[in-house]
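See below for the structure under consideration.
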There are 2 protein chains.
Amino acid sequence: MNDPGDPLEPHELRAWMAFLAAGHLIDYEIERQLKRDGGLSHPEFEVLVGLSLAEGNRLRMSDLARVVMVSKSRLTYQVTQLERDGFVKRTENESDRRSVWAELTEEGAAALARVRPGHRRVVREALIEVLAPEEIDLLGDALGRVAERLRQR
Amino acid sequence: MNDPGDPLEPHELRAWMAFLAAGHLIDYEIERQLKRDGGLSHPEFEVLVGLSLAEGNRLRMSDLARVVMVSKSRLTYQVTQLERDGFVKRTENESDRRSVWAELTEEGAAALARVRPGHRRVVREALIEVLAPEEIDLLGDALGRVAERLRQR
DNA sequence: GGTTGAAGATTCAAATATGAACGGTTTCGA
DNA sequence: TCGAAACCGTTCATATTTGAATCTTCAACC
């Protein structure tokens with residue numbers, strides 16, 4: 001019968017390869033736009049967005065790492081870079097001295113504002129505008145389920 | 001009116017974030033599986049797959065770079081690693097001495113065979129099995145269009 | 001109260017990625 | 001047939017990522 005290690009069906013393979021390719025290509029466009037408009041890398045941008053979405057514009061390092069889906073040591077590096085640029089500030093957490101607050105600064109918020117219109121434009125042009133309205137919702141549903149399922153492991 | 005730099009609509013944002021998250025998470029699973037089953041990284045695996053799909057199991061470096069969607073210098077590095085492991089062999093191209101053939105070896109094909117069932121299992125469990133049959137096709141159509149559009153730029 | 005183990009974050013060395021610059025071919029028009 | 005321009009791949013210096021080891025603080029348990 002059908003073993004899960006068997007080759008994918010052609011239409012399954014097509015979906016998988018399209019998913020992979022679209023990911024690579026969109027990432028490339030985003031990287032280019034962020035660099036051009038604000039000298040940010042995609043990981044840096046994601047860190048800033050993560051903070052901007054948080055209560056009080058700050059998160060503990062490990063929570064931020066979870067949100068941005070990045071390893072602890074990688075986040076340490078990124079935040080150090082962002083701190084050097086004045087976009088993020090580290091603060092001690094008095095209620096748990098093991099942890100550290102990473103907080104979005106004014107300059108960080110400004111950098112985000114500077115870069116966001118172009119970012120949205122890329123997402124729109126590369127993804128949203130290419131999809132029919134129903135496809136947008138279906139993509140959100142389907143990939144939302146995929147992500148949710150992988151998160152709980 | 002609606003400027004392309006304006007915030008995304010909630011359902012658009014949802015689709016975009018799901019796409020991003022699913023990409024990150026699936027990539028993580030794949031990385032883990034490939035490392036575990038065959039000591040390969042995802043980029044290395046993609047190189048081997050690219051070659052296995054080519055006529056005569058070989059491609060010129062720059063064509064391989066295009067197929068795998070990777071920069072020239074990154075590919076040079078990856079192929080050097082794969083050559084060290086005996087999975088790929090470089091050969092001179094007599095009809096155009098600027099270019100170089102990268103060819104999949106027996107050992108490379110064996111490594112691919114060793115790793116592929118687990119890889120497919122990951123793709124199945126993470127993506128395919130979570131989608132309804134119509135969703136698979138629709139995803140392939142939609143993201144296929146997205147990729148195709150980005151390729152021609 | 002002291003001890004053990006978990007959680008949080010950083011550090012370090014090694015691996016990988018980036019992008020500009022380079023040297024060797026090929027192409028093609030003057 | 002010559003020379004400029006394009007193409008191919010690598011190299012090099014720098015930046016980023018990885019994962020194991022480490023250090024500090026906290027929680028729980030006795």
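All residue names refer to the structure tokens as shown: chains lettered A, B, ... in order, residues numbered from 1 in each chain, ligands numbered from 1 in order.
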**Request:** Return as an NGL selection string the residues belonging to chain A that are within 8 Å of chain B, counting only C-alpha atoms.
**Result:** :A and (4-8 or 11-12 or 14-16 or 18-26 or 69 or 116-121 or 123-124 or 126-128 or 130-131 or 135-147 or 149-151)
**Request:** Just need the residues of chain B within 9 Å of chain D, counting only C-alpha atoms (C1' of nucleotides), so spit them out as a PyMOL selection string.
**Result:** chain B and resi 61-62+72-73+76+97-100
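Considering only region 25-147 of chain B, backbone DSSP assigns strand (DSSP E) to Arg58, Leu59, Arg60, Val88, Lys89, Arg90, Thr91, Glu92, Val100, Trp101, Ala102, Glu103 and Leu104 of chain B.
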Dump as an mmCIF file, in the first residue's frame, selection limited to N, CA and C atoms:
```
data_model
loop_
_atom_site.group_PDB
_atom_site.id
_atom_site.type_symbol
_atom_site.label_atom_id
_atom_site.label_comp_id
_atom_site.auth_asym_id
_atom_site.auth_seq_id
_atom_site.Cartn_x
_atom_site.Cartn_y
_atom_site.Cartn_z
ATOM 1 N N ARG B 58 24.032 15.714 -14.100
ATOM 2 C CA ARG B 58 25.030 16.763 -13.973
ATOM 3 C C ARG B 58 24.514 18.082 -14.534
ATOM 4 N N LEU B 59 25.065 19.152 -13.997
ATOM 5 C CA LEU B 59 24.706 20.501 -14.429
ATOM 6 C C LEU B 59 25.939 21.384 -14.327
ATOM 7 N N ARG B 60 25.955 22.438 -15.118
ATOM 8 C CA ARG B 60 26.993 23.442 -14.944
ATOM 9 C C ARG B 60 26.711 24.187 -13.650
ATOM 10 N N VAL B 88 29.576 14.501 -4.855
ATOM 11 C CA VAL B 88 29.555 15.242 -6.115
ATOM 12 C C VAL B 88 30.979 15.256 -6.660
ATOM 13 N N LYS B 89 31.070 15.302 -7.979
ATOM 14 C CA LYS B 89 32.395 15.356 -8.601
ATOM 15 C C LYS B 89 32.401 16.495 -9.606
ATOM 16 N N ARG B 90 33.448 17.299 -9.586
ATOM 17 C CA ARG B 90 33.567 18.374 -10.571
ATOM 18 C C ARG B 90 34.319 17.853 -11.789
ATOM 19 N N THR B 91 33.877 18.268 -12.966
ATOM 20 C CA THR B 91 34.474 17.812 -14.217
ATOM 21 C C THR B 91 34.580 18.998 -15.147
ATOM 22 N N GLU B 92 35.614 19.023 -15.942
ATOM 23 C CA GLU B 92 35.723 20.152 -16.850
ATOM 24 C C GLU B 92 34.778 19.983 -18.041
ATOM 25 N N VAL B 100 31.980 24.599 -15.477
ATOM 26 C CA VAL B 100 32.386 23.368 -14.798
ATOM 27 C C VAL B 100 31.155 22.502 -14.604
ATOM 28 N N TRP B 101 31.308 21.205 -14.876
ATOM 29 C CA TRP B 101 30.223 20.286 -14.566
ATOM 30 C C TRP B 101 30.256 19.905 -13.092
ATOM 31 N N ALA B 102 29.094 19.919 -12.462
ATOM 32 C CA ALA B 102 28.961 19.289 -11.147
ATOM 33 C C ALA B 102 28.124 18.052 -11.376
ATOM 34 N N GLU B 103 28.681 16.898 -10.990
ATOM 35 C CA GLU B 103 27.998 15.640 -11.301
ATOM 36 C C GLU B 103 27.760 14.834 -10.037
ATOM 37 N N LEU B 104 26.584 14.270 -9.966
ATOM 38 C CA LEU B 104 26.226 13.416 -8.836
ATOM 39 C C LEU B 104 26.989 12.098 -8.942
#
```
**Request:** Tell me the residues of chain C close to chain A, meaning within 8 Å using only C-alpha atoms (C1' of nucleotides), as a list in words.
**Result:** DG8, DA9 and DT10 of chain C
Report as a compact mmCIF listing (two decimals) with N, CA and C atoms, in the first residue's frame all protein, DNA and RNA residues lying within 9 Å of Glu107 (chain B), evaluated on only C-alpha atoms (C1' of nucleotides), omitting residues in the same chain fewer than 3 positions from it.
```txt
# COMPACT_ATOMS: atom_id res chain seq x y z
N ASP B 85 32.93 15.02 0.60
CA ASP B 85 32.23 13.83 1.07
C ASP B 85 32.06 12.78 -0.01
N GLY B 86 32.47 13.10 -1.22
CA GLY B 86 32.37 12.14 -2.31
C GLY B 86 30.99 12.06 -2.94
N PHE B 87 30.14 13.03 -2.68
CA PHE B 87 28.77 12.97 -3.19
C PHE B 87 28.64 13.66 -4.54
N VAL B 88 29.58 14.50 -4.85
CA VAL B 88 29.55 15.24 -6.12
C VAL B 88 30.98 15.26 -6.66
N LEU B 104 26.58 14.27 -9.97
CA LEU B 104 26.23 13.42 -8.84
C LEU B 104 26.99 12.10 -8.94
N ALA B 110 23.48 7.42 -3.51
CA ALA B 110 23.18 6.55 -2.37
C ALA B 110 22.77 7.37 -1.16
N ALA B 111 23.48 8.47 -0.93
CA ALA B 111 23.15 9.34 0.20
C ALA B 111 21.73 9.87 0.05
N LEU B 112 21.41 10.24 -1.18
CA LEU B 112 20.08 10.74 -1.48
C LEU B 112 19.03 9.67 -1.18
```
**Request:** Just the alpha helix (DSSP H) stuff from region 25-60 of chain A, please, per backbone DSSP, written as an MDAnalysis selection string.
**Result:** chainID A and resid 25:38 42:52
Please, could you write that set of residues out with N, CA and C atoms as a PDB file, in the first residue's frame?
```pdb
ATOM      1  N   LEU A  25      11.988  32.716  -3.071  1.00  0.00           N
ATOM      2  CA  LEU A  25      11.942  33.913  -3.913  1.00  0.00           C
ATOM      3  C   LEU A  25      11.407  35.120  -3.165  1.00  0.00           C
ATOM      4  N   ILE A  26      10.356  34.913  -2.397  1.00  0.00           N
ATOM      5  CA  ILE A  26       9.817  36.036  -1.631  1.00  0.00           C
ATOM      6  C   ILE A  26      10.835  36.519  -0.622  1.00  0.00           C
ATOM      7  N   ASP A  27      11.500  35.576   0.017  1.00  0.00           N
ATOM      8  CA  ASP A  27      12.516  35.943   0.986  1.00  0.00           C
ATOM      9  C   ASP A  27      13.592  36.806   0.344  1.00  0.00           C
ATOM     10  N   TYR A  28      13.951  36.451  -0.841  1.00  0.00           N
ATOM     11  CA  TYR A  28      14.973  37.204  -1.543  1.00  0.00           C
ATOM     12  C   TYR A  28      14.517  38.640  -1.801  1.00  0.00           C
ATOM     13  N   GLU A  29      13.272  38.788  -2.255  1.00  0.00           N
ATOM     14  CA  GLU A  29      12.737  40.128  -2.517  1.00  0.00           C
ATOM     15  C   GLU A  29      12.700  40.957  -1.242  1.00  0.00           C
ATOM     16  N   ILE A  30      12.257  40.332  -0.179  1.00  0.00           N
ATOM     17  CA  ILE A  30      12.138  41.047   1.090  1.00  0.00           C
ATOM     18  C   ILE A  30      13.492  41.493   1.583  1.00  0.00           C
ATOM     19  N   GLU A  31      14.440  40.591   1.507  1.00  0.00           N
ATOM     20  CA  GLU A  31      15.800  40.918   1.927  1.00  0.00           C
ATOM     21  C   GLU A  31      16.303  42.157   1.187  1.00  0.00           C
ATOM     22  N   ARG A  32      16.080  42.158  -0.108  1.00  0.00           N
ATOM     23  CA  ARG A  32      16.542  43.257  -0.936  1.00  0.00           C
ATOM     24  C   ARG A  32      15.884  44.583  -0.550  1.00  0.00           C
ATOM     25  N   GLN A  33      14.564  44.526  -0.373  1.00  0.00           N
ATOM     26  CA  GLN A  33      13.827  45.742  -0.043  1.00  0.00           C
ATOM     27  C   GLN A  33      14.249  46.299   1.313  1.00  0.00           C
ATOM     28  N   LEU A  34      14.381  45.426   2.291  1.00  0.00           N
ATOM     29  CA  LEU A  34      14.719  45.894   3.639  1.00  0.00           C
ATOM     30  C   LEU A  34      16.114  46.496   3.672  1.00  0.00           C
ATOM     31  N   LYS A  35      17.017  45.858   2.986  1.00  0.00           N
ATOM     32  CA  LYS A  35      18.374  46.385   2.909  1.00  0.00           C
ATOM     33  C   LYS A  35      18.373  47.767   2.251  1.00  0.00           C
ATOM     34  N   ARG A  36      17.674  47.844   1.138  1.00  0.00           N
ATOM     35  CA  ARG A  36      17.633  49.084   0.377  1.00  0.00           C
ATOM     36  C   ARG A  36      17.008  50.224   1.172  1.00  0.00           C
ATOM     37  N   ASP A  37      15.830  49.967   1.760  1.00  0.00           N
ATOM     38  CA  ASP A  37      15.075  51.044   2.393  1.00  0.00           C
ATOM     39  C   ASP A  37      15.534  51.384   3.803  1.00  0.00           C
ATOM     40  N   GLY A  38      16.228  50.447   4.467  1.00  0.00           N
ATOM     41  CA  GLY A  38      16.572  50.770   5.843  1.00  0.00           C
ATOM     42  C   GLY A  38      17.795  50.075   6.382  1.00  0.00           C
ATOM     43  N   HIS A  42      16.369  40.608   7.065  1.00  0.00           N
ATOM     44  CA  HIS A  42      15.054  40.082   7.391  1.00  0.00           C
ATOM     45  C   HIS A  42      14.965  39.639   8.849  1.00  0.00           C
ATOM     46  N   PRO A  43      15.967  38.900   9.348  1.00  0.00           N
ATOM     47  CA  PRO A  43      15.922  38.547  10.777  1.00  0.00           C
ATOM     48  C   PRO A  43      15.835  39.766  11.682  1.00  0.00           C
ATOM     49  N   GLU A  44      16.593  40.783  11.401  1.00  0.00           N
ATOM     50  CA  GLU A  44      16.517  41.997  12.223  1.00  0.00           C
ATOM     51  C   GLU A  44      15.117  42.591  12.171  1.00  0.00           C
ATOM     52  N   PHE A  45      14.579  42.670  10.984  1.00  0.00           N
ATOM     53  CA  PHE A  45      13.224  43.199  10.824  1.00  0.00           C
ATOM     54  C   PHE A  45      12.222  42.399  11.645  1.00  0.00           C
ATOM     55  N   GLU A  46      12.350  41.092  11.595  1.00  0.00           N
ATOM     56  CA  GLU A  46      11.402  40.261  12.336  1.00  0.00           C
ATOM     57  C   GLU A  46      11.514  40.485  13.838  1.00  0.00           C
ATOM     58  N   VAL A  47      12.720  40.716  14.310  1.00  0.00           N
ATOM     59  CA  VAL A  47      12.890  41.017  15.727  1.00  0.00           C
ATOM     60  C   VAL A  47      12.166  42.315  16.073  1.00  0.00           C
ATOM     61  N   LEU A  48      12.362  43.337  15.258  1.00  0.00           N
ATOM     62  CA  LEU A  48      11.711  44.615  15.534  1.00  0.00           C
ATOM     63  C   LEU A  48      10.188  44.473  15.493  1.00  0.00           C
ATOM     64  N   VAL A  49       9.685  43.749  14.513  1.00  0.00           N
ATOM     65  CA  VAL A  49       8.244  43.547  14.430  1.00  0.00           C
ATOM     66  C   VAL A  49       7.739  42.804  15.661  1.00  0.00           C
ATOM     67  N   GLY A  50       8.473  41.781  16.059  1.00  0.00           N
ATOM     68  CA  GLY A  50       8.083  41.019  17.250  1.00  0.00           C
ATOM     69  C   GLY A  50       7.946  41.924  18.460  1.00  0.00           C
ATOM     70  N   LEU A  51       8.914  42.790  18.637  1.00  0.00           N
ATOM     71  CA  LEU A  51       8.855  43.706  19.779  1.00  0.00           C
ATOM     72  C   LEU A  51       7.715  44.709  19.637  1.00  0.00           C
ATOM     73  N   SER A  52       7.512  45.185  18.429  1.00  0.00           N
ATOM     74  CA  SER A  52       6.471  46.201  18.230  1.00  0.00           C
ATOM     75  C   SER A  52       5.078  45.640  18.520  1.00  0.00           C
TER      76      SER A  52
END
```
